[in-house]
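Some notes on the structure that comes next.
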Amino acid sequence: MREALEQGLIALAAPLSDRAGKVGAAINVSGQTAGPSVAHLLEHSLPKLPDTASRVSALVRVQQ
């Protein structure tokens with residue numbers, strides 16, 4: 001999402017799901033649109049976000 005909520009802000013998100021596969025939360029990373037932040041988020045954070053969400057979801061499922 002780019003500047004939809006606040007000018008100068010970019011955010012990426014991925015869903016977190018429970019044992020039933022129901023989405024109950026999300027994990028996100030955000031940064032400034034000015035400077036190298038956008039490129040950094042897209043190059044470094046975006047590729048890691050789905051795997052990180054899967055790992056967090058797995059931890060949540062264990063504790064349910």
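Going through the structure tokens in order, the chains are called A, B, and so on, while each chain numbers its residues from 1 and the ligands are numbered from 1 in the order shown.
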
Can you tell me which residues surround Ala13 in chain A at a distance of at most 12 Å, considering only C-alpha atoms, apart from same-chain residues fewer than 6 positions away, and format the answer as a VMD selection string?
chain A and resid 1 to 2 25 to 30 41 to 42 45 to 53

Print the selection's residues with C-alpha atoms to a file, as a JSON list (two decimals), in the first residue's frame.
[["chain", "number", "residue", "atom", "x", "y", "z"],
["A", 1, "MET", "CA", 0.00, 0.00, 0.00],
["A", 2, "ARG", "CA", 1.51, 3.30, -1.00],
["A", 25, "ALA", "CA", -4.22, -10.78, 12.11],
["A", 26, "ALA", "CA", -1.49, -9.53, 9.82],
["A", 27, "ILE", "CA", 2.19, -8.78, 9.97],
["A", 28, "ASN", "CA", 3.47, -5.66, 8.25],
["A", 29, "VAL", "CA", 6.54, -3.62, 7.54],
["A", 30, "SER", "CA", 6.44, 0.06, 6.65],
["A", 41, "LEU", "CA", 11.35, -2.64, 1.27],
["A", 42, "LEU", "CA", 10.65, -4.11, -2.15],
["A", 45, "SER", "CA", 11.45, -7.06, 3.01],
["A", 46, "LEU", "CA", 8.83, -8.10, 0.46],
["A", 47, "PRO", "CA", 10.51, -11.42, -0.44],
["A", 48, "LYS", "CA", 10.81, -12.35, 3.26],
["A", 49, "LEU", "CA", 7.31, -11.29, 4.33],
["A", 50, "PRO", "CA", 5.32, -14.39, 3.23],
["A", 51, "ASP", "CA", 7.77, -16.80, 4.89],
["A", 52, "THR", "CA", 7.83, -14.72, 8.06],
["A", 53, "ALA", "CA", 4.02, -14.69, 8.15]]

Backbone-only DSSP, helix (DSSP H, G or I) members of chain A, as number ranges by chain:
A: 37-45, 49-62

Atoms kept (N, CA and C atoms) for selection, written as an mmCIF file, in the first residue's frame:
data_model
loop_
_atom_site.group_PDB
_atom_site.id
_atom_site.type_symbol
_atom_site.label_atom_id
_atom_site.label_comp_id
_atom_site.auth_asym_id
_atom_site.auth_seq_id
_atom_site.Cartn_x
_atom_site.Cartn_y
_atom_site.Cartn_z
ATOM 1 N N SER A 37 14.138 3.989 0.921
ATOM 2 C CA SER A 37 13.294 3.105 1.713
ATOM 3 C C SER A 37 12.391 2.214 0.859
ATOM 4 N N VAL A 38 11.762 2.759 -0.182
ATOM 5 C CA VAL A 38 10.857 1.977 -1.026
ATOM 6 C C VAL A 38 11.614 0.840 -1.695
ATOM 7 N N ALA A 39 12.735 1.151 -2.301
ATOM 8 C CA ALA A 39 13.535 0.118 -2.964
ATOM 9 C C ALA A 39 13.985 -0.936 -1.966
ATOM 10 N N HIS A 40 14.381 -0.508 -0.778
ATOM 11 C CA HIS A 40 14.824 -1.454 0.243
ATOM 12 C C HIS A 40 13.681 -2.381 0.658
ATOM 13 N N LEU A 41 12.501 -1.810 0.895
ATOM 14 C CA LEU A 41 11.351 -2.636 1.272
ATOM 15 C C LEU A 41 11.027 -3.656 0.187
ATOM 16 N N LEU A 42 11.004 -3.210 -1.052
ATOM 17 C CA LEU A 42 10.650 -4.107 -2.150
ATOM 18 C C LEU A 42 11.710 -5.173 -2.394
ATOM 19 N N GLU A 43 12.958 -4.819 -2.268
ATOM 20 C CA GLU A 43 14.048 -5.766 -2.534
ATOM 21 C C GLU A 43 14.333 -6.706 -1.364
ATOM 22 N N HIS A 44 14.245 -6.198 -0.140
ATOM 23 C CA HIS A 44 14.678 -6.986 1.013
ATOM 24 C C HIS A 44 13.538 -7.491 1.894
ATOM 25 N N SER A 45 12.530 -6.671 2.102
ATOM 26 C CA SER A 45 11.452 -7.062 3.014
ATOM 27 C C SER A 45 10.352 -7.855 2.325
ATOM 28 N N LEU A 49 8.566 -11.463 3.603
ATOM 29 C CA LEU A 49 7.311 -11.291 4.331
ATOM 30 C C LEU A 49 6.422 -12.539 4.327
ATOM 31 N N PRO A 50 6.174 -13.198 3.198
ATOM 32 C CA PRO A 50 5.316 -14.394 3.231
ATOM 33 C C PRO A 50 5.872 -15.512 4.122
ATOM 34 N N ASP A 51 7.168 -15.756 4.061
ATOM 35 C CA ASP A 51 7.773 -16.799 4.887
ATOM 36 C C ASP A 51 7.685 -16.430 6.371
ATOM 37 N N THR A 52 7.928 -15.168 6.681
ATOM 38 C CA THR A 52 7.832 -14.716 8.061
ATOM 39 C C THR A 52 6.404 -14.879 8.576
ATOM 40 N N ALA A 53 5.422 -14.529 7.758
ATOM 41 C CA ALA A 53 4.020 -14.694 8.150
ATOM 42 C C ALA A 53 3.696 -16.168 8.385
ATOM 43 N N SER A 54 4.198 -17.041 7.546
ATOM 44 C CA SER A 54 3.967 -18.477 7.731
ATOM 45 C C SER A 54 4.574 -18.981 9.029
ATOM 46 N N ARG A 55 5.762 -18.509 9.347
ATOM 47 C CA ARG A 55 6.423 -18.928 10.589
ATOM 48 C C ARG A 55 5.674 -18.434 11.821
ATOM 49 N N VAL A 56 5.229 -17.190 11.781
ATOM 50 C CA VAL A 56 4.475 -16.649 12.908
ATOM 51 C C VAL A 56 3.146 -17.384 13.043
ATOM 52 N N SER A 57 2.482 -17.645 11.931
ATOM 53 C CA SER A 57 1.215 -18.398 11.970
ATOM 54 C C SER A 57 1.419 -19.764 12.601
ATOM 55 N N ALA A 58 2.521 -20.428 12.246
ATOM 56 C CA ALA A 58 2.816 -21.750 12.819
ATOM 57 C C ALA A 58 3.018 -21.653 14.328
ATOM 58 N N LEU A 59 3.681 -20.616 14.793
ATOM 59 C CA LEU A 59 3.871 -20.441 16.236
ATOM 60 C C LEU A 59 2.534 -20.186 16.938
ATOM 61 N N VAL A 60 1.673 -19.411 16.311
ATOM 62 C CA VAL A 60 0.355 -19.128 16.887
ATOM 63 C C VAL A 60 -0.448 -20.429 16.977
ATOM 64 N N ARG A 61 -0.391 -21.260 15.946
ATOM 65 C CA ARG A 61 -1.139 -22.524 15.934
ATOM 66 C C ARG A 61 -0.693 -23.443 17.057
ATOM 67 N N VAL A 62 0.605 -23.465 17.354
ATOM 68 C CA VAL A 62 1.148 -24.313 18.411
ATOM 69 C C VAL A 62 0.591 -23.889 19.765
#

Rounded to one decimal in Å, what is the spacing between CA of Gln32 in chain A and CA of Ala14 in chain A?
18.8 Å

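Coordinates place CA of Pro36 in chain A at a distance of 11.9 Å from CA of Ile10 in chain A.
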
d(CA of Ala20 in chain A, CA of Gln63 in chain A) in Å:
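Calculated distance between CA of Ala20 in chain A and CA of Gln63 in chain A is 13.5 Å.
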
All strand (DSSP E or B) positions in chain A, as a ChimeraX atom specification
/A:2,9-17,23-32
